[in-house]
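> Just my_file.cif, nothing more (mmCIF, C-alpha atoms):
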```cif
data_upload
#
loop_
_atom_site.group_PDB
_atom_site.id
_atom_site.type_symbol
_atom_site.label_atom_id
_atom_site.label_comp_id
_atom_site.auth_asym_id
_atom_site.auth_seq_id
_atom_site.Cartn_x
_atom_site.Cartn_y
_atom_site.Cartn_z
ATOM 1 C CA MET A 10 1.167 -21.109 18.131
ATOM 2 C CA SER A 11 -1.581 -20.192 20.550
ATOM 3 C CA ASP A 12 -4.710 -18.194 19.815
ATOM 4 C CA ASP A 13 -3.164 -15.437 21.958
ATOM 5 C CA PHE A 14 -1.129 -14.494 18.882
ATOM 6 C CA ARG A 15 -4.253 -13.718 16.854
ATOM 7 C CA GLY A 16 -4.797 -10.143 15.680
ATOM 8 C CA SER A 17 -8.041 -8.365 16.477
ATOM 9 C CA ALA A 18 -7.685 -5.048 14.621
ATOM 10 C CA ALA A 19 -10.389 -4.330 12.063
ATOM 11 C CA ALA A 20 -9.463 -3.817 8.433
ATOM 12 C CA THR A 21 -8.922 -0.226 7.401
ATOM 13 C CA THR A 22 -10.452 1.126 4.228
ATOM 14 C CA VAL A 23 -8.620 2.926 1.468
ATOM 15 C CA GLY A 24 -7.574 6.393 2.544
ATOM 16 C CA GLU A 25 -7.348 5.610 6.237
ATOM 17 C CA THR A 26 -3.991 5.516 7.982
ATOM 18 C CA ALA A 27 -3.106 3.834 11.230
ATOM 19 C CA SER A 28 -2.606 5.920 14.338
ATOM 20 C CA THR A 29 0.562 5.268 16.320
ATOM 21 C CA PRO A 30 1.289 1.604 15.580
ATOM 22 C CA PRO A 31 1.619 -0.632 18.646
ATOM 23 C CA PRO A 32 5.063 -2.008 19.461
ATOM 24 C CA LEU A 33 5.981 -5.279 17.802
ATOM 25 C CA THR A 34 5.441 -8.230 20.110
ATOM 26 C CA GLU A 35 6.386 -11.888 20.355
ATOM 27 C CA ARG A 36 3.658 -12.470 17.783
ATOM 28 C CA PHE A 37 5.739 -10.638 15.160
ATOM 29 C CA LEU A 38 8.880 -12.550 16.145
ATOM 30 C CA THR A 39 6.922 -15.770 15.625
ATOM 31 C CA SER A 40 6.133 -14.646 12.072
ATOM 32 C CA VAL A 41 9.839 -14.053 11.436
ATOM 33 C CA ALA A 42 10.544 -17.609 12.588
ATOM 34 C CA LEU A 43 7.881 -18.957 10.212
ATOM 35 C CA ALA A 44 9.302 -16.904 7.329
ATOM 36 C CA ALA A 45 12.742 -18.341 8.089
ATOM 37 C CA GLU A 46 11.270 -21.835 8.096
ATOM 38 C CA VAL A 47 9.674 -21.300 4.656
ATOM 39 C CA HIS A 48 12.319 -19.166 2.939
ATOM 40 C CA GLY A 49 15.515 -19.756 4.935
ATOM 41 C CA ARG A 50 17.332 -21.601 2.148
ATOM 42 C CA GLN A 51 16.033 -19.465 -0.711
ATOM 43 C CA ARG A 52 17.999 -16.786 -2.572
ATOM 44 C CA ARG A 53 16.750 -13.910 -4.676
ATOM 45 C CA ALA A 54 16.644 -15.037 -8.316
ATOM 46 C CA GLY A 55 20.103 -15.054 -9.873
ATOM 47 C CA THR A 56 21.850 -13.790 -6.727
ATOM 48 C CA GLU A 57 23.287 -15.003 -3.451
ATOM 49 C CA ILE A 58 21.111 -12.568 -1.483
ATOM 50 C CA PRO A 59 19.011 -14.431 1.110
ATOM 51 C CA TYR A 60 15.319 -14.187 0.271
ATOM 52 C CA LEU A 61 14.680 -13.125 3.846
ATOM 53 C CA ALA A 62 16.331 -9.801 2.982
ATOM 54 C CA HIS A 63 13.403 -9.003 0.675
ATOM 55 C CA LEU A 64 10.867 -9.861 3.375
ATOM 56 C CA LEU A 65 12.668 -7.726 5.951
ATOM 57 C CA VAL A 66 12.835 -4.717 3.604
ATOM 58 C CA VAL A 67 9.157 -5.004 2.669
ATOM 59 C CA THR A 68 8.224 -5.250 6.333
ATOM 60 C CA GLY A 69 10.299 -2.165 7.089
ATOM 61 C CA LEU A 70 8.581 -0.208 4.316
ATOM 62 C CA VAL A 71 5.168 -1.218 5.670
ATOM 63 C CA LEU A 72 6.082 -0.087 9.190
ATOM 64 C CA GLU A 73 7.588 3.188 7.940
ATOM 65 C CA ASP A 74 4.334 3.831 6.077
ATOM 66 C CA GLY A 75 2.306 3.488 9.292
ATOM 67 C CA GLY A 76 1.388 -0.183 9.169
ATOM 68 C CA ASP A 77 0.408 -1.978 12.364
ATOM 69 C CA GLU A 78 1.616 -5.335 13.657
ATOM 70 C CA ASP A 79 -0.910 -7.313 11.593
ATOM 71 C CA GLN A 80 0.380 -5.648 8.443
ATOM 72 C CA ALA A 81 4.002 -6.181 9.461
ATOM 73 C CA ILE A 82 3.301 -9.890 9.967
ATOM 74 C CA ALA A 83 1.512 -10.098 6.621
ATOM 75 C CA ALA A 84 4.470 -8.380 4.949
ATOM 76 C CA MET A 85 6.857 -10.877 6.509
ATOM 77 C CA LEU A 86 4.699 -13.780 5.271
ATOM 78 C CA HIS A 87 3.403 -12.321 1.997
ATOM 79 C CA ASP A 88 5.239 -14.915 -0.128
ATOM 80 C CA ALA A 89 4.816 -17.876 2.198
ATOM 81 C CA VAL A 90 1.622 -19.142 0.543
ATOM 82 C CA GLU A 91 2.784 -18.659 -3.027
ATOM 83 C CA ASP A 92 6.248 -20.130 -2.417
ATOM 84 C CA GLY A 93 5.796 -22.360 0.569
ATOM 85 C CA GLY A 94 2.645 -24.397 0.790
ATOM 86 C CA GLY A 95 -0.477 -23.019 -0.850
ATOM 87 C CA ARG A 96 -3.810 -23.462 0.917
ATOM 88 C CA THR A 97 -2.258 -25.491 3.733
ATOM 89 C CA MET A 98 0.129 -22.648 4.559
ATOM 90 C CA LEU A 99 -2.659 -20.071 4.365
ATOM 91 C CA GLU A 100 -4.680 -22.076 6.894
ATOM 92 C CA ARG A 101 -1.630 -22.294 9.119
ATOM 93 C CA ILE A 102 -1.201 -18.518 8.972
ATOM 94 C CA GLU A 103 -4.873 -18.024 9.794
ATOM 95 C CA ARG A 104 -4.664 -20.351 12.814
ATOM 96 C CA GLY A 105 -1.510 -18.725 14.115
ATOM 97 C CA PHE A 106 -2.051 -15.035 13.321
ATOM 98 C CA GLY A 107 -5.733 -14.495 12.648
ATOM 99 C CA ASP A 108 -8.161 -13.853 9.834
ATOM 100 C CA ARG A 109 -6.901 -10.390 9.005
ATOM 101 C CA VAL A 110 -3.289 -11.418 8.450
ATOM 102 C CA ALA A 111 -4.420 -14.389 6.365
ATOM 103 C CA ALA A 112 -6.663 -12.165 4.238
ATOM 104 C CA ILE A 113 -3.785 -9.778 3.469
ATOM 105 C CA VAL A 114 -1.427 -12.621 2.584
ATOM 106 C CA GLU A 115 -4.017 -14.280 0.349
ATOM 107 C CA ALA A 116 -4.739 -11.018 -1.485
ATOM 108 C CA CYS A 117 -1.003 -10.480 -2.073
ATOM 109 C CA SER A 118 -0.534 -13.966 -3.560
ATOM 110 C CA ASP A 119 -0.732 -14.595 -7.298
ATOM 111 C CA THR A 120 -1.794 -18.171 -6.609
ATOM 112 C CA VAL A 121 -3.059 -20.088 -3.587
ATOM 113 C CA ASP A 122 -4.309 -23.443 -4.844
ATOM 114 C CA ASP A 123 -2.154 -23.506 -7.998
ATOM 115 C CA ASP A 124 -4.964 -25.064 -10.022
ATOM 116 C CA ASP A 125 -3.045 -24.375 -13.233
ATOM 117 C CA PRO A 126 0.692 -25.032 -12.708
ATOM 118 C CA GLY A 127 1.299 -24.377 -16.409
ATOM 119 C CA GLU A 128 -0.003 -20.801 -16.212
ATOM 120 C CA SER A 129 2.561 -18.327 -17.526
ATOM 121 C CA TRP A 130 4.001 -15.417 -15.579
ATOM 122 C CA ILE A 131 2.165 -12.838 -17.666
ATOM 123 C CA GLU A 132 -1.145 -14.685 -17.308
ATOM 124 C CA ARG A 133 -0.756 -14.651 -13.528
ATOM 125 C CA LYS A 134 0.024 -10.946 -13.618
ATOM 126 C CA ARG A 135 -3.012 -10.214 -15.801
ATOM 127 C CA ARG A 136 -5.176 -11.989 -13.253
ATOM 128 C CA TYR A 137 -3.537 -10.126 -10.365
ATOM 129 C CA LEU A 138 -3.992 -6.744 -12.047
ATOM 130 C CA ALA A 139 -7.631 -7.544 -12.796
ATOM 131 C CA HIS A 140 -8.388 -8.155 -9.108
ATOM 132 C CA LEU A 141 -6.600 -5.056 -7.734
ATOM 133 C CA PRO A 142 -9.455 -2.566 -8.388
ATOM 134 C CA ASP A 143 -11.738 -4.694 -6.209
ATOM 135 C CA VAL A 144 -9.475 -4.343 -3.161
ATOM 136 C CA SER A 145 -10.966 -2.015 -0.549
ATOM 137 C CA ASP A 146 -8.706 -2.798 2.410
ATOM 138 C CA ASP A 147 -5.871 -0.302 2.606
ATOM 139 C CA ALA A 148 -3.787 -2.799 4.584
ATOM 140 C CA ILE A 149 -3.677 -5.048 1.525
ATOM 141 C CA LEU A 150 -2.705 -2.155 -0.728
ATOM 142 C CA ARG A 151 0.043 -1.029 1.676
ATOM 143 C CA VAL A 152 1.679 -4.467 1.821
ATOM 144 C CA ALA A 153 1.310 -5.039 -1.924
ATOM 145 C CA LEU A 154 2.772 -1.617 -2.722
ATOM 146 C CA ALA A 155 5.745 -2.106 -0.398
ATOM 147 C CA ASP A 156 6.445 -5.439 -2.094
ATOM 148 C CA LYS A 157 6.328 -3.857 -5.563
ATOM 149 C CA VAL A 158 8.564 -0.962 -4.510
ATOM 150 C CA HIS A 159 11.319 -3.270 -3.315
ATOM 151 C CA ASN A 160 10.977 -5.569 -6.322
ATOM 152 C CA ALA A 161 11.283 -2.627 -8.712
ATOM 153 C CA ARG A 162 14.284 -1.234 -6.842
ATOM 154 C CA SER A 163 15.971 -4.642 -6.943
ATOM 155 C CA ILE A 164 15.450 -4.955 -10.699
ATOM 156 C CA VAL A 165 16.931 -1.493 -11.234
ATOM 157 C CA ARG A 166 19.960 -2.298 -9.078
ATOM 158 C CA ASP A 167 20.587 -5.567 -10.884
ATOM 159 C CA TYR A 168 20.017 -4.017 -14.319
ATOM 160 C CA ARG A 169 22.604 -1.353 -13.566
ATOM 161 C CA GLN A 170 25.109 -4.082 -12.740
ATOM 162 C CA GLU A 171 24.277 -6.640 -15.430
ATOM 163 C CA GLY A 172 22.582 -4.783 -18.261
ATOM 164 C CA HIS A 173 20.574 -6.795 -20.765
ATOM 165 C CA ARG A 174 21.966 -10.071 -19.398
ATOM 166 C CA LEU A 175 19.618 -9.622 -16.445
ATOM 167 C CA TRP A 176 16.679 -10.983 -18.445
ATOM 168 C CA GLU A 177 18.499 -14.273 -19.021
ATOM 169 C CA ARG A 178 17.689 -15.126 -15.393
ATOM 170 C CA PHE A 179 14.014 -15.396 -16.201
ATOM 171 C CA THR A 180 12.356 -17.964 -18.427
ATOM 172 C CA GLN A 181 9.106 -16.017 -18.849
ATOM 173 C CA LYS A 182 9.918 -12.371 -18.160
ATOM 174 C CA THR A 183 11.314 -9.800 -20.563
ATOM 175 C CA ALA A 184 12.041 -6.112 -20.175
ATOM 176 C CA ARG A 185 8.861 -5.249 -22.097
ATOM 177 C CA GLU A 186 6.749 -7.499 -19.893
ATOM 178 C CA GLN A 187 8.240 -6.052 -16.730
ATOM 179 C CA LEU A 188 7.543 -2.505 -17.907
ATOM 180 C CA TRP A 189 4.014 -3.480 -18.960
ATOM 181 C CA TYR A 190 3.390 -4.890 -15.488
ATOM 182 C CA TYR A 191 5.001 -2.136 -13.455
ATOM 183 C CA GLY A 192 3.394 0.509 -15.657
ATOM 184 C CA ALA A 193 -0.024 -0.901 -14.764
ATOM 185 C CA LEU A 194 0.853 -1.096 -11.061
ATOM 186 C CA LEU A 195 2.093 2.482 -11.037
ATOM 187 C CA ALA A 196 -1.053 3.793 -12.736
ATOM 188 C CA PHE A 197 -3.223 1.925 -10.229
ATOM 189 C CA PHE A 198 -1.382 3.055 -7.111
ATOM 190 C CA GLN A 199 -1.121 6.663 -8.289
ATOM 191 C CA LYS A 200 -4.899 6.714 -8.531
ATOM 192 C CA ARG A 201 -5.790 4.673 -5.465
ATOM 193 C CA ARG A 202 -2.954 5.258 -3.010
ATOM 194 C CA PRO A 203 -0.951 8.427 -3.651
ATOM 195 C CA GLY A 204 1.769 9.115 -1.123
ATOM 196 C CA PRO A 205 5.440 8.497 -0.326
ATOM 197 C CA LEU A 206 5.435 4.771 -1.169
ATOM 198 C CA THR A 207 3.826 5.396 -4.549
ATOM 199 C CA GLU A 208 6.341 8.173 -5.190
ATOM 200 C CA ASP A 209 9.089 5.617 -4.485
ATOM 201 C CA LEU A 210 7.500 3.277 -7.032
ATOM 202 C CA TYR A 211 7.297 6.128 -9.562
ATOM 203 C CA ARG A 212 11.006 6.821 -9.226
ATOM 204 C CA ALA A 213 11.987 3.152 -9.483
ATOM 205 C CA VAL A 214 9.789 2.516 -12.528
ATOM 206 C CA GLY A 215 11.049 5.688 -14.187
ATOM 207 C CA GLU A 216 14.661 4.623 -13.714
ATOM 208 C CA LEU A 217 13.916 1.135 -15.009
ATOM 209 C CA ALA A 218 12.177 2.574 -18.085
ATOM 210 C CA TRP A 219 15.192 4.783 -18.799
ATOM 211 C CA LEU A 220 17.673 1.928 -18.442
ATOM 212 C CA VAL A 221 15.625 -0.254 -20.802
ATOM 213 C CA ALA A 222 15.274 2.587 -23.330
ATOM 214 C CA HIS A 223 18.998 3.336 -23.311
ATOM 215 C CA ASP A 224 19.838 -0.349 -23.596
ATOM 216 C CA ASP A 225 17.417 -0.727 -26.531
ATOM 217 C CA ALA A 226 18.923 2.327 -28.232
ATOM 218 C CA GLN A 227 22.341 0.692 -28.069
ATOM 219 C CA ARG A 228 21.102 -2.611 -29.485
ATOM 220 C CA LEU A 229 18.280 -1.880 -31.940
ATOM 221 C CA LEU A 230 18.576 -0.742 -35.543
ATOM 222 C CA PRO A 231 16.841 1.095 -37.030
ATOM 223 C CA ARG A 232 16.198 3.220 -33.970
ATOM 224 C CA ARG A 233 12.523 4.079 -33.763
ATOM 225 C CA LEU A 234 11.647 6.173 -30.731
ATOM 226 C CA TRP A 235 8.185 6.094 -29.154
ATOM 227 C CA LEU A 236 7.291 8.709 -26.549
ATOM 228 C CA ASP A 237 4.499 7.770 -24.146
ATOM 229 C CA PRO A 238 4.351 8.034 -20.338
ATOM 230 C CA ASP A 239 1.978 5.050 -20.140
ATOM 231 C CA LEU A 240 4.122 1.926 -20.081
ATOM 232 C CA HIS A 241 1.053 -0.308 -19.932
ATOM 233 C CA ALA A 242 -1.779 0.845 -22.215
ATOM 234 C CA GLY A 243 0.583 3.084 -24.170
ATOM 235 C CA GLN A 244 3.417 0.584 -24.542
ATOM 236 C CA ALA A 245 5.470 0.929 -27.713
ATOM 237 C CA PRO A 246 5.057 -1.596 -30.528
ATOM 238 C CA ASP A 247 7.656 -4.333 -30.884
ATOM 239 C CA GLY A 248 10.948 -3.002 -32.197
ATOM 240 C CA TRP A 249 10.412 0.531 -30.888
ATOM 241 C CA ILE A 250 12.327 2.237 -28.070
ATOM 242 C CA GLN A 251 10.009 3.766 -25.485
ATOM 243 C CA ALA A 252 10.755 6.971 -23.616
ATOM 244 C CA ARG A 253 8.426 7.911 -20.760
ATOM 245 C CA THR A 254 9.179 11.636 -20.700
ATOM 246 C CA ALA A 255 10.214 14.382 -23.078
ATOM 247 C CA ALA A 256 13.460 14.711 -21.134
ATOM 248 C CA ASP A 257 14.281 11.041 -21.704
ATOM 249 C CA ALA A 258 13.368 11.271 -25.390
ATOM 250 C CA ILE A 259 15.631 14.307 -25.826
ATOM 251 C CA ARG A 260 18.520 12.553 -24.057
ATOM 252 C CA LEU A 261 18.213 9.685 -26.531
ATOM 253 C CA LEU A 262 17.951 12.052 -29.502
ATOM 254 C CA GLU A 263 21.109 13.819 -28.345
ATOM 255 C CA GLU A 264 23.099 10.612 -27.920
ATOM 256 C CA PHE A 265 21.882 8.441 -30.794
ATOM 257 C CA THR A 266 20.848 8.734 -34.420
ATOM 258 C CA VAL A 267 17.097 8.140 -34.356
ATOM 259 C CA HIS A 268 15.473 7.074 -37.608
ATOM 260 C CA GLU A 269 11.806 7.555 -36.702
ATOM 261 C CA LEU A 270 10.004 9.388 -33.934
ATOM 262 C CA SER A 271 6.402 8.853 -32.805
ATOM 263 C CA LEU A 272 4.774 11.290 -30.388
ATOM 264 C CA PRO A 273 1.421 11.480 -28.583
ATOM 265 C CA ALA A 274 -0.646 14.627 -28.160
ATOM 266 C CA GLY A 275 0.142 16.777 -25.164
ATOM 267 C CA PRO A 276 2.864 18.817 -23.474
ATOM 268 C CA GLU A 277 5.488 16.058 -23.567
ATOM 269 C CA ALA A 278 5.303 15.963 -27.367
ATOM 270 C CA GLU A 279 5.311 19.749 -27.568
ATOM 271 C CA ALA A 280 8.524 19.854 -25.520
ATOM 272 C CA VAL A 281 10.217 17.471 -27.977
ATOM 273 C CA ILE A 282 8.952 19.489 -30.947
ATOM 274 C CA ASP A 283 10.330 22.679 -29.371
ATOM 275 C CA TRP A 284 13.697 20.958 -28.927
ATOM 276 C CA LEU A 285 13.715 19.846 -32.574
ATOM 277 C CA ILE A 286 12.948 23.402 -33.680
ATOM 278 C CA ASP A 287 15.804 24.700 -31.510
ATOM 279 C CA GLN A 288 18.144 22.273 -33.267
ATOM 280 C CA ASP A 289 17.155 23.789 -36.597
ATOM 281 C CA SER A 290 17.779 27.254 -35.212
ATOM 282 C CA ALA A 291 21.239 26.155 -34.126
ATOM 283 C CA GLU A 292 21.996 25.427 -37.795
ATOM 284 C CA ARG A 293 22.128 21.691 -37.259
ATOM 285 C CA ASP A 294 20.640 19.282 -39.740
ATOM 286 C CA PRO A 295 16.840 19.712 -39.549
ATOM 287 C CA TRP A 296 14.725 16.778 -38.436
ATOM 288 C CA PRO A 297 13.018 15.322 -41.536
ATOM 289 C CA GLU A 298 9.285 15.798 -41.006
ATOM 290 C CA GLU A 299 8.512 12.590 -42.907
ATOM 291 C CA ARG A 300 10.224 10.683 -40.096
ATOM 292 C CA LEU A 301 7.967 12.271 -37.482
ATOM 293 C CA VAL A 302 4.656 10.497 -36.824
ATOM 294 C CA PHE A 303 1.977 10.692 -34.161
ATOM 295 C CA HIS A 304 0.053 8.104 -32.198
ATOM 296 C CA GLY A 305 -2.787 8.127 -29.709
ATOM 297 C CA GLY A 306 -5.850 9.071 -31.724
ATOM 298 C CA ASP A 307 -6.302 12.726 -32.683
ATOM 299 C CA ALA A 308 -2.727 13.715 -31.969
ATOM 300 C CA GLU A 309 -2.040 17.157 -33.364
ATOM 301 C CA VAL A 310 1.154 18.936 -32.435
ATOM 302 C CA ALA A 311 2.367 22.123 -34.090
ATOM 303 C CA THR A 312 5.434 21.299 -36.146
ATOM 304 C CA SER A 313 5.900 24.498 -38.155
ATOM 305 C CA ARG A 314 9.391 25.892 -38.086
ATOM 306 C CA PRO A 315 10.179 29.578 -37.828
ATOM 307 C CA ALA A 316 10.695 31.319 -41.154
#
```
Write out the structure in this file as structure tokens.

Amino acid sequence: MSDDFRGSAAATTVGETASTPPPLTERFLTSVALAAEVHGRQRRAGTEIPYLAHLLVVTGLVLEDGGDEDQAIAAMLHDAVEDGGGRTMLERIERGFGDRVAAIVEACSDTVDDDDPGESWIERKRRYLAHLPDVSDDAILRVALADKVHNARSIVRDYRQEGHRLWERFTQKTAREQLWYYGALLAFFQKRRPGPLTEDLYRAVGELAWLVAHDDAQRLLPRRLWLDPDLHAGQAPDGWIQARTAADAIRLLEEFTVHELSLPAGPEAEAVIDWLIDQDSAERDPWPEERLVFHGGDAEVATSRPA
């Protein structure tokens, strides 16, 4: 690849958006060829879907969000370093496409040099989450967010088809770990990069959380229901079913016999309490107050029933 393919656009900072992106050139087509070279024989985990499909979708999301050609190329190659050659591949990307593309790809990679091949999935994700707040280039955040949106959507699609068997594909990932990770990503992007792509991530994570909660309610006994919108810092203890919203908690209470209920302070808990009171008013069996507990510090929710 010649130096003519190098990008020259300066990095944008968080909050900036590209003007009208330039048309994609031969330079972008060259990145597609490199992605095919690296990933052409790969399939998405546990499926027959070509891995290139993921790269094409992520690239499309980046372009739809206003990304320029550098960002489109980085999206196409965002897994090439991690999956296809480490530091050597990163240097190849820098030679062929420029410093900016290489910087985006490196920032989107969990590992570059793979100094610790025995590092677990969750350890890599902890390290990745720890570095995200230091990212100031919005191009990096756009590509990373597009990647996470498509990954979350793919998990939801596969979970709908396979149910709990989905987690058998992975040696190091469980439903709880996935929700812990995506909960942290969602909280970060809602704060740092609100907009349509983050709204897409919110919807995908919400659907995944509901599917996991419903699956857990079918499998776990006794059923202990934990309401908390924070899937990361507020994740339920082991053995509890987590609902993200009052609406989800009420759906589970309507469908299943729940043996214990733990609520945080705030309007979500108040909505569940109001629903429980309405059940009493409808002359159904009252919810035993001794089975209702609160978490999250000084959680105080009115639980008095009408006389």
> Evaluate the PyMOL selection byres ((chain A and resi 160) around 12) and record the selected residues as a count of residues only, following the chain and residue labels used in the document.
30
> Do you have the atom CA of A:Glu73-atom CA of A:Arg201 distance handy?
19.0 Å
> Identify all residues satisfying the PyMOL selection byres ((chain A and resi 230) around 10) in the given file; provide them as a ChimeraX atom specification.
/A:225-229,231-233,248-249,266-268
> What would the selection look like, as a JSON list (two decimals) with C-alpha atoms, keeping the file's coordinate frame, if the PyMOL selection byres ((chain A and resi 110) around 9) were run on the coordinates I just shared?

```json
[["chain", "number", "residue", "atom", "x", "y", "z"],
["A", 15, "ARG", "CA", -4.25, -13.72, 16.85],
["A", 16, "GLY", "CA", -4.80, -10.14, 15.68],
["A", 79, "ASP", "CA", -0.91, -7.31, 11.59],
["A", 80, "GLN", "CA", 0.38, -5.65, 8.44],
["A", 82, "ILE", "CA", 3.30, -9.89, 9.97],
["A", 83, "ALA", "CA", 1.51, -10.10, 6.62],
["A", 86, "LEU", "CA", 4.70, -13.78, 5.27],
["A", 102, "ILE", "CA", -1.20, -18.52, 8.97],
["A", 103, "GLU", "CA", -4.87, -18.02, 9.79],
["A", 106, "PHE", "CA", -2.05, -15.04, 13.32],
["A", 107, "GLY", "CA", -5.73, -14.50, 12.65],
["A", 108, "ASP", "CA", -8.16, -13.85, 9.83],
["A", 109, "ARG", "CA", -6.90, -10.39, 9.01],
["A", 111, "ALA", "CA", -4.42, -14.39, 6.36],
["A", 112, "ALA", "CA", -6.66, -12.16, 4.24],
["A", 113, "ILE", "CA", -3.78, -9.78, 3.47],
["A", 114, "VAL", "CA", -1.43, -12.62, 2.58],
["A", 115, "GLU", "CA", -4.02, -14.28, 0.35]]
```
> In Å to one decimal, how far is atom CA of A:Phe265 from atom CA of A:Asp239?
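Atom CA of A:Phe265 lies 22.8 Å from atom CA of A:Asp239.
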> I want to know what sits within 12 Å of A:Leu234, based on only C-alpha atoms, with residues of the same chain fewer than 3 positions away left out; could you give that as a ChimeraX atom specification?
/A:222-223,225-226,229-231,237,244-255,257-262,265-273,281,300-304
> Quick check, in Å to one decimal: how far apart do atom CA of A:Gly192 and atom CA of A:Val144 lie?
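Separating atom CA of A:Gly192 from atom CA of A:Val144 is a distance of 18.6 Å.
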> Can you tell me which residues surround A:Arg151 at a distance of at most 8 Å, considering all atoms listed in the file, apart from same-chain residues fewer than 4 positions away, and format the answer as a list in words?
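After dropping sequence-adjacent residues, the list is Val71, Asp74, Gly76, Asp147 and Ala155 of chain A.
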> If we count only C-alpha atoms, what is near A:Gly49 at a cut-off of 10 Å, once residues fewer than 6 positions away on the same chain are taken out, given as a PDB file with C-alpha atoms, keeping the file's coordinate frame?

```pdb
ATOM      1  CA  ALA A  42      10.544 -17.609  12.588  1.00  0.00           C
ATOM      2  CA  LEU A  43       7.881 -18.957  10.212  1.00  0.00           C
ATOM      3  CA  PRO A  59      19.011 -14.431   1.110  1.00  0.00           C
ATOM      4  CA  TYR A  60      15.319 -14.187   0.271  1.00  0.00           C
ATOM      5  CA  LEU A  61      14.680 -13.125   3.846  1.00  0.00           C
TER       6      LEU A  61
END
```
> Out of A:Phe197, A:Thr207, A:Leu240, A:Gly75, which residue has the shortest atom-to-atom distance to A:His140 when counting all atoms listed in the file?
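Nearest candidate to A:His140 out of A:Phe197, A:Thr207, A:Leu240, A:Gly75: A:Phe197.
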> Please identify all polymer residues within 12 Å of A:Asp92, counting all atoms listed in the file, omitting same-chain residues fewer than 6 positions from it, and present them as a PyMOL selection string.
chain A and resi 44+46-49+51+60+86+98-99+114+118-123
